[in-house]
Amino acid sequence: MRIVDHPILGKIKERKKVFIEVDGKKIEAYEGEPIAAALLAAGIRVFRFTAKEKEPRGVFCAIGRCTDCIMTVDGIPNVRTCVTPVRDGMKIKTQVGLGKWEQK
Ligand code: FES
């Protein structure tokens, strides 16, 4: 679900629709919005699992401070998805523990 008519900010302007891949599943997003916003709009709440206890984590602060929202983006681990804008064709993976760099 997305807010399209905010009581203070008004109506959301037209934006370019793009597609990103999340754990192999294609989802719709808007170019420039935070990755986390696109995931939440698609109903995805778990972004990573902690290193020791493997507990699920998702958006917490939403301002780039807590690192609860980190995921592997285009092969790069530990990307804070709440402050990273969407680009068409991004490949995003749920991160487990410290994550791993992926070969391209
Ligand atoms: S939710 Fe805290 S850094 Fe992204």
# chains A, B, ... in the order shown; residues from 1 in each chain; ligands from 1

$ residues_near_ligand --ligand "ligand 1" --cutoff "10 Å" --atoms "only C-alpha atoms and all ligand atoms" --output "ChimeraX atom specification"
/A:34-36,47,57-71,79-84

$ residues_around --residues "range 15-30 of chain A" --least-positions-apart "2" --cutoff "9 Å" --atoms "only C-alpha atoms" --output "ChimeraX atom specification"
/A:12-13,32-35,37-39,41-42,86-94

$ atom_distance --atom1 "CA of Gly97 in chain A" --atom2 "CA of Lys52 in chain A"
7.3 Å

$ closest_residue --among "A:Lys100, A:Arg2, A:Arg48, A:Lys54" --to "Asp74 in chain A" --atoms "only C-alpha atoms"
A:Lys100

$ select_by_dssp --residues "range 40-90 of chain A" --states "strand (DSSP E or B)" --output "ChimeraX atom specification"
/A:48-49,56-57,70-73,76-80,85

$ select_by_dssp --residues "chain A" --states "alpha helix (DSSP H)" --output "PyMOL selection string"
chain A and resi 35-41
